[in-house]
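Text of structure.pdb, listed as PDB, C-alpha atoms and all ligand atoms:
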ATOM      1  CA  MET A   1     -18.485  -4.785 -10.075
ATOM      2  CA  ALA A   2     -16.746  -2.043 -12.022
ATOM      3  CA  ASP A   3     -17.826  -1.378 -15.610
ATOM      4  CA  LYS A   4     -14.239  -1.248 -16.778
ATOM      5  CA  THR A   5     -11.107  -3.094 -15.773
ATOM      6  CA  LEU A   6      -9.399  -1.429 -12.833
ATOM      7  CA  ILE A   7      -5.639  -1.748 -12.516
ATOM      8  CA  VAL A   8      -4.456  -1.531  -8.924
ATOM      9  CA  VAL A   9      -0.842  -1.538  -7.792
ATOM     10  CA  SER A  10       0.034  -2.856  -4.323
ATOM     11  CA  ILE A  11       3.087  -1.623  -2.456
ATOM     12  CA  CYS A  12       4.483  -3.654   0.439
ATOM     13  CA  GLY A  13       6.090  -1.705   3.279
ATOM     14  CA  SER A  14       8.077  -4.700   4.499
ATOM     15  CA  LEU A  15      11.203  -5.986   2.761
ATOM     16  CA  ARG A  16      11.240  -9.156   4.872
ATOM     17  CA  LYS A  17      10.950 -12.458   2.963
ATOM     18  CA  GLY A  18       8.520 -13.960   5.475
ATOM     19  CA  SER A  19       6.517 -10.762   5.859
ATOM     20  CA  TYR A  20       2.935 -11.163   7.087
ATOM     21  CA  ASN A  21       2.004  -8.025   5.172
ATOM     22  CA  ARG A  22       3.436  -9.536   2.013
ATOM     23  CA  VAL A  23       1.292 -12.656   2.533
ATOM     24  CA  VAL A  24      -1.759 -10.395   2.695
ATOM     25  CA  MET A  25      -0.628  -8.517  -0.405
ATOM     26  CA  ASN A  26      -0.116 -11.756  -2.308
ATOM     27  CA  ALA A  27      -3.641 -12.872  -1.396
ATOM     28  CA  LEU A  28      -5.301  -9.770  -2.846
ATOM     29  CA  PRO A  29      -5.708 -10.834  -6.498
ATOM     30  CA  ALA A  30      -7.856 -13.786  -5.417
ATOM     31  CA  LEU A  31      -9.977 -11.598  -3.135
ATOM     32  CA  ALA A  32     -10.533  -8.775  -5.616
ATOM     33  CA  PRO A  33     -13.947  -8.188  -7.210
ATOM     34  CA  GLU A  34     -14.482  -9.018 -10.851
ATOM     35  CA  GLY A  35     -12.830  -6.421 -13.061
ATOM     36  CA  MET A  36     -10.166  -5.377 -10.537
ATOM     37  CA  HIS A  37      -6.638  -6.540 -11.325
ATOM     38  CA  ILE A  38      -4.124  -6.156  -8.503
ATOM     39  CA  ARG A  39      -0.426  -6.485  -9.204
ATOM     40  CA  GLU A  40       2.634  -5.841  -7.091
ATOM     41  CA  SER A  41       4.458  -2.573  -7.629
ATOM     42  CA  PRO A  42       7.999  -2.429  -8.991
ATOM     43  CA  PRO A  43      10.427  -2.914  -6.079
ATOM     44  CA  ILE A  44      11.322  -0.185  -3.608
ATOM     45  CA  SER A  45      14.198  -2.115  -2.043
ATOM     46  CA  GLU A  46      16.846  -0.722  -4.408
ATOM     47  CA  PHE A  47      16.017   2.947  -3.810
ATOM     48  CA  PRO A  48      18.975   4.862  -2.388
ATOM     49  CA  LEU A  49      18.318   6.806   0.789
ATOM     50  CA  TYR A  50      16.662  10.028  -0.279
ATOM     51  CA  ASN A  51      19.207  12.764  -0.818
ATOM     52  CA  ALA A  52      18.427  15.948  -2.760
ATOM     53  CA  ASP A  53      22.032  15.985  -3.987
ATOM     54  CA  ILE A  54      21.318  12.833  -6.028
ATOM     55  CA  GLU A  55      18.152  14.377  -7.445
ATOM     56  CA  ASN A  56      20.056  17.560  -8.343
ATOM     57  CA  SER A  57      23.119  15.883  -9.861
ATOM     58  CA  THR A  58      22.202  12.632 -11.611
ATOM     59  CA  GLY A  59      18.412  13.011 -11.445
ATOM     60  CA  PHE A  60      15.898  10.483 -10.255
ATOM     61  CA  PRO A  61      17.132   6.896 -10.008
ATOM     62  CA  ALA A  62      15.591   4.589 -12.633
ATOM     63  CA  ALA A  63      13.828   2.547  -9.928
ATOM     64  CA  VAL A  64      12.074   5.697  -8.691
ATOM     65  CA  GLN A  65      10.895   6.610 -12.186
ATOM     66  CA  THR A  66       9.679   3.042 -12.700
ATOM     67  CA  LEU A  67       7.567   3.158  -9.546
ATOM     68  CA  ALA A  68       6.260   6.629 -10.396
ATOM     69  CA  ASP A  69       5.233   5.411 -13.864
ATOM     70  CA  ALA A  70       3.506   2.326 -12.388
ATOM     71  CA  ILE A  71       1.531   4.510  -9.968
ATOM     72  CA  ARG A  72       0.561   6.920 -12.751
ATOM     73  CA  ALA A  73      -0.628   4.057 -14.948
ATOM     74  CA  ALA A  74      -2.732   2.517 -12.167
ATOM     75  CA  ASP A  75      -6.317   3.343 -11.272
ATOM     76  CA  GLY A  76      -5.507   2.893  -7.588
ATOM     77  CA  VAL A  77      -2.805   1.969  -5.094
ATOM     78  CA  ILE A  78      -2.980  -0.307  -2.044
ATOM     79  CA  PHE A  79      -0.412  -0.081   0.739
ATOM     80  CA  ASN A  80       0.243  -3.312   2.637
ATOM     81  CA  SER A  81       2.456  -2.175   5.446
ATOM     82  CA  PRO A  82       3.602  -3.034   8.921
ATOM     83  CA  GLU A  83       3.914  -0.358  11.586
ATOM     84  CA  TYR A  84       7.410   0.488  12.799
ATOM     85  CA  ASN A  85       7.606   2.482  16.013
ATOM     86  CA  PHE A  86       4.060   3.752  15.530
ATOM     87  CA  GLY A  87       4.821   4.990  12.015
ATOM     88  CA  ILE A  88       5.727   4.250   8.392
ATOM     89  CA  PRO A  89       8.619   1.760   7.959
ATOM     90  CA  SER A  90      11.725   3.515   6.685
ATOM     91  CA  PRO A  91      11.932   1.716   3.285
ATOM     92  CA  LEU A  92       8.384   2.752   2.470
ATOM     93  CA  LYS A  93       8.816   6.305   3.779
ATOM     94  CA  ASN A  94      11.998   6.582   1.709
ATOM     95  CA  ALA A  95      10.094   5.429  -1.391
ATOM     96  CA  LEU A  96       7.297   7.920  -0.739
ATOM     97  CA  ASP A  97       9.794  10.742  -0.276
ATOM     98  CA  TRP A  98      11.486   9.922  -3.579
ATOM     99  CA  VAL A  99       8.238   9.583  -5.535
ATOM    100  CA  SER A 100       6.873  12.776  -3.985
ATOM    101  CA  ARG A 101       9.695  14.740  -5.668
ATOM    102  CA  VAL A 102       9.028  13.482  -9.206
ATOM    103  CA  PRO A 103       7.488  16.217 -11.401
ATOM    104  CA  ASN A 104       3.760  15.739 -11.907
ATOM    105  CA  GLN A 105       3.894  13.645  -8.741
ATOM    106  CA  PRO A 106       1.887  10.506  -9.316
ATOM    107  CA  PHE A 107      -0.123  10.269  -6.101
ATOM    108  CA  ALA A 108      -2.079  13.457  -6.878
ATOM    109  CA  GLY A 109      -5.733  12.470  -7.341
ATOM    110  CA  LYS A 110      -4.891   8.779  -6.952
ATOM    111  CA  PRO A 111      -7.304   6.544  -5.019
ATOM    112  CA  ILE A 112      -5.518   4.780  -2.151
ATOM    113  CA  ALA A 113      -6.496   1.912   0.166
ATOM    114  CA  LEU A 114      -4.615   0.910   3.310
ATOM    115  CA  GLN A 115      -4.078  -2.478   4.927
ATOM    116  CA  SER A 116      -1.802  -3.415   7.794
ATOM    117  CA  ALA A 117      -1.011  -6.550   9.767
ATOM    118  CA  SER A 118       0.818  -6.884  13.067
ATOM    119  CA  PRO A 119       1.403  -9.562  15.689
ATOM    120  CA  GLY A 120       0.176  -6.917  18.147
ATOM    121  CA  PRO A 121      -3.494  -6.416  18.998
ATOM    122  CA  LEU A 122      -4.005  -3.134  17.084
ATOM    123  CA  GLY A 123      -2.975  -4.539  13.722
ATOM    124  CA  GLY A 124      -0.773  -1.588  12.834
ATOM    125  CA  GLY A 125      -3.545   0.985  13.083
ATOM    126  CA  ARG A 126      -1.129   3.810  13.765
ATOM    127  CA  VAL A 127       0.859   3.366  10.551
ATOM    128  CA  GLN A 128      -2.366   3.893   8.662
ATOM    129  CA  TYR A 129      -2.889   7.304  10.223
ATOM    130  CA  ASP A 130       0.697   8.165   9.394
ATOM    131  CA  LEU A 131       0.121   7.073   5.780
ATOM    132  CA  ARG A 132      -3.169   8.976   5.620
ATOM    133  CA  ARG A 133      -1.364  12.141   6.705
ATOM    134  CA  ALA A 134       1.346  11.724   4.044
ATOM    135  CA  MET A 135      -1.327  11.058   1.422
ATOM    136  CA  VAL A 136      -3.079  14.321   2.371
ATOM    137  CA  PHE A 137       0.088  16.239   1.572
ATOM    138  CA  LEU A 138       0.389  14.359  -1.743
ATOM    139  CA  ASP A 139      -3.242  15.146  -2.673
ATOM    140  CA  ALA A 140      -4.142  11.463  -2.897
ATOM    141  CA  LEU A 141      -7.694  10.260  -2.232
ATOM    142  CA  THR A 142      -7.625   7.736   0.589
ATOM    143  CA  LEU A 143     -10.564   5.375   1.104
ATOM    144  CA  ASN A 144     -12.052   5.943   4.555
ATOM    145  CA  LYS A 145     -13.811   2.651   5.252
ATOM    146  CA  PRO A 146     -13.798  -0.320   5.601
ATOM    147  CA  GLU A 147     -10.449  -0.287   7.395
ATOM    148  CA  ILE A 148      -8.256  -3.403   7.427
ATOM    149  CA  PHE A 149      -6.191  -3.780  10.592
ATOM    150  CA  ILE A 150      -5.144  -7.415  10.994
ATOM    151  CA  GLY A 151      -4.279  -7.720  14.670
ATOM    152  CA  ASN A 152      -2.756 -10.835  16.261
ATOM    153  CA  CYS A 153      -1.757 -11.718  12.720
ATOM    154  CA  THR A 154       0.291 -14.768  13.692
ATOM    155  CA  GLN A 155      -3.035 -16.442  14.476
ATOM    156  CA  ARG A 156      -4.664 -15.413  11.190
ATOM    157  CA  ILE A 157      -1.815 -15.727   8.697
ATOM    158  CA  ASN A 158       0.482 -18.689   8.123
ATOM    159  CA  ASP A 159       3.829 -17.247   7.081
ATOM    160  CA  LYS A 160       5.152 -20.730   6.280
ATOM    161  CA  THR A 161       2.476 -21.587   3.718
ATOM    162  CA  GLY A 162       1.896 -17.967   2.673
ATOM    163  CA  GLN A 163      -1.855 -18.210   3.327
ATOM    164  CA  ILE A 164      -4.385 -16.142   5.226
ATOM    165  CA  THR A 165      -5.960 -18.860   7.384
ATOM    166  CA  ASP A 166      -8.770 -16.803   8.926
ATOM    167  CA  GLN A 167     -11.938 -16.644   6.826
ATOM    168  CA  GLN A 168     -13.238 -13.512   8.571
ATOM    169  CA  THR A 169     -10.037 -11.666   7.633
ATOM    170  CA  LYS A 170     -10.473 -12.711   4.004
ATOM    171  CA  ASP A 171     -14.103 -11.611   4.075
ATOM    172  CA  PHE A 172     -13.187  -8.171   5.471
ATOM    173  CA  ILE A 173     -10.559  -7.732   2.775
ATOM    174  CA  LYS A 174     -13.099  -8.669   0.099
ATOM    175  CA  LEU A 175     -15.454  -6.016   1.465
ATOM    176  CA  GLN A 176     -12.737  -3.384   1.385
ATOM    177  CA  LEU A 177     -11.678  -4.263  -2.157
ATOM    178  CA  ALA A 178     -15.279  -4.092  -3.365
ATOM    179  CA  ALA A 179     -15.637  -0.682  -1.674
ATOM    180  CA  PHE A 180     -12.348   0.412  -3.222
ATOM    181  CA  ALA A 181     -13.586  -0.550  -6.714
ATOM    182  CA  LYS A 182     -16.659   1.660  -6.218
ATOM    183  CA  PHE A 183     -14.513   4.467  -4.751
ATOM    184  CA  ILE A 184     -12.192   4.390  -7.770
ATOM    185  CA  THR A 185     -15.136   4.395 -10.157
ATOM    186  CA  VAL A 186     -16.725   7.416  -8.459
ATOM    187  CA  TYR A 187     -13.642   9.489  -7.557
ATOM    188  CA  GLY A 188     -10.691   8.183  -9.593
ATOM    189  CA  ALA A 189      -9.251  10.514 -12.192
ATOM    190  CA  LYS A 190      -8.709   7.657 -14.629
ATOM    191  CA  SER A 191     -12.248   6.267 -14.400
TER
HETATM  192  C1  LIG B   1      11.763  -1.620  13.874
HETATM  193  C2  LIG B   1      10.461  -2.264  14.259
HETATM  194  C3  LIG B   1       9.483  -1.508  14.882
HETATM  195  C4  LIG B   1       8.252  -2.088  15.190
HETATM  196  N1  LIG B   1       7.272  -1.299  15.724
HETATM  197  C5  LIG B   1       6.014  -1.791  15.841
HETATM  198  C6  LIG B   1       4.919  -0.929  16.193
HETATM  199  O1  LIG B   1       5.065   0.252  16.409
HETATM  200  N2  LIG B   1       3.672  -1.473  16.244
HETATM  201  C7  LIG B   1       3.450  -2.806  15.979
HETATM  202  O2  LIG B   1       2.296  -3.238  16.037
HETATM  203  N3  LIG B   1       4.480  -3.647  15.667
HETATM  204  C8  LIG B   1       5.732  -3.175  15.584
HETATM  205  N4  LIG B   1       6.773  -3.986  15.197
HETATM  206  C9  LIG B   1       6.502  -5.423  15.008
HETATM  207  C10 LIG B   1       6.030  -5.677  13.583
HETATM  208  O3  LIG B   1       4.650  -5.453  13.518
HETATM  209  C11 LIG B   1       6.335  -7.137  13.219
HETATM  210  O4  LIG B   1       7.734  -7.336  13.207
HETATM  211  C12 LIG B   1       5.718  -7.504  11.888
HETATM  212  O5  LIG B   1       5.850  -8.897  11.696
HETATM  213  C13 LIG B   1       6.383  -6.748  10.754
HETATM  214  O6  LIG B   1       5.640  -6.911   9.589
HETATM  215  P1  LIG B   1       6.027  -7.978   8.460
HETATM  216  O7  LIG B   1       5.754  -9.348   9.063
HETATM  217  O8  LIG B   1       5.120  -7.675   7.316
HETATM  218  O9  LIG B   1       7.480  -7.808   8.134
HETATM  219  C14 LIG B   1       8.010  -3.455  14.922
HETATM  220  C15 LIG B   1       9.017  -4.207  14.297
HETATM  221  C16 LIG B   1      10.209  -3.633  13.963
HETATM  222  C17 LIG B   1      11.275  -4.457  13.251
END
Mind turning the file's structure into structure tokens?
Amino acid sequence: MADKTLIVVSICGSLRKGSYNRVVMNALPALAPEGMHIRESPPISEFPLYNADIENSTGFPAAVQTLADAIRAADGVIFNSPEYNFGIPSPLKNALDWVSRVPNQPFAGKPIALQSASPGPLGGGRVQYDLRRAMVFLDALTLNKPEIFIGNCTQRINDKTGQITDQQTKDFIKLQLAAFAKFITVYGAKS
């Protein structure tokens, strides 16, 4: 249990309404340890495709600034993302590229935790290594373990009811969130 309230923002890498990763993200507040408040980030779906000409003419879009501010104000960030072609889905990569250009870029020194779900057996493990690499460049602090790869997710998550149906999956997530609370308390700049 953290001594102070920890505000954590979760960012979903899937824009799909029935997203398995979104179901996981929506389950997080109930699985979080006492004192950790997890809320969804402002949306990334309205970001234009990154183009330096936009940045240099009209400046950063309001939606980008809003996300950057939400990340800055948070004690930590969780990515709930699928894997697309062994990497970061384009909407999420686009959002990261935009936010990375904002002055005083908000991921610097920010504790990060990663979770992925996939119908495939590896649970999206490769997107996590892609995200870890991007977070290195952005000077974020990514939690090493426990890792959450939800493989064969159609058997563990009911996308119709929006529930994680597998108790072991929920237990693993609880363990990671508890570890993330400690990680933030020890390493987080805002703690
Ligand atoms: C463009 C695209 C690429 C994909 N590539 C992968 C992949 O590399 N690895 C994987 O495990 N699943 C892959 N998938 C399957 C996704 O894991 C699956 O569609 C998943 O349900 C997407 O996550 P969501 O339910 O949160 O939207 C891919 C799906 C799409 C649409």
Using only C-alpha atoms, which protein or nucleic acid residues come within 12 Å of Asn152 of chain A? Drop anything in the same chain fewer than 6 positions from it, and give the result as JSON, numbers by chain. {"A": [20, 116, 117, 118, 119, 120, 121, 122, 123, 124, 158, 166, 169]}
Tell me which residues the PyMOL selection byres (((not hetatm)) within 10 of (chain B and resi 1)) grabs here, as JSON, numbers by chain. {"A": [12, 13, 14, 15, 16, 17, 18, 19, 20, 21, 22, 23, 24, 25, 80, 81, 82, 83, 84, 85, 86, 87, 88, 89, 90, 116, 117, 118, 119, 120, 121, 122, 123, 124, 125, 126, 127, 150, 151, 152, 153, 154, 157, 159]}
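Atom CA of Pro103 of chain A is found 16.2 Å from atom CA of Asn51 of chain A.
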Explicit residues for the PyMOL selection byres (((chain A and resi 65) around 12) and not hetatm) (as a list in words):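 Applied to this file, the PyMOL selection byres (((chain A and resi 65) around 12) and not hetatm) selects Pro42, Pro43, Ile44, Phe47, Glu55, Gly59, Phe60, Pro61, Ala62, Ala63, Val64, Thr66, Leu67, Ala68, Asp69, Ala70, Ile71, Arg72, Ala95, Trp98, Val99, Ser100, Arg101, Val102, Pro103, Asn104, Gln105 and Pro106 of chain A.
Residues matching the PyMOL selection byres (((chain A and resi 33) around 7) and not hetatm) in this structure come to A:Met1, A:Leu31, A:Ala32, A:Glu34, A:Gly35, A:Met36, A:Leu177, A:Ala178.
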Adding 6 Å on each side of the box along x, y and z that holds all listed atoms of segment 45-50 of chain A, could you give its centre and edge lengths in Å to one decimal, as JSON?
{"center_x": 16.6, "center_y": 4.0, "center_z": -1.8, "size_x": 16.8, "size_y": 24.1, "size_z": 17.2}
Using only C-alpha atoms, the shortest atom-to-atom distance to Asp75 of chain A among A:Lys160, A:Arg133, A:Lys93, A:Arg39 belongs to A:Arg39
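Of the listed residues A:Ile112, A:Ile7, A:Ile54, A:Ile164, the one whose atoms come nearest to Leu131 of chain A is A:Ile112, with distances taken using all atoms listed in the file.
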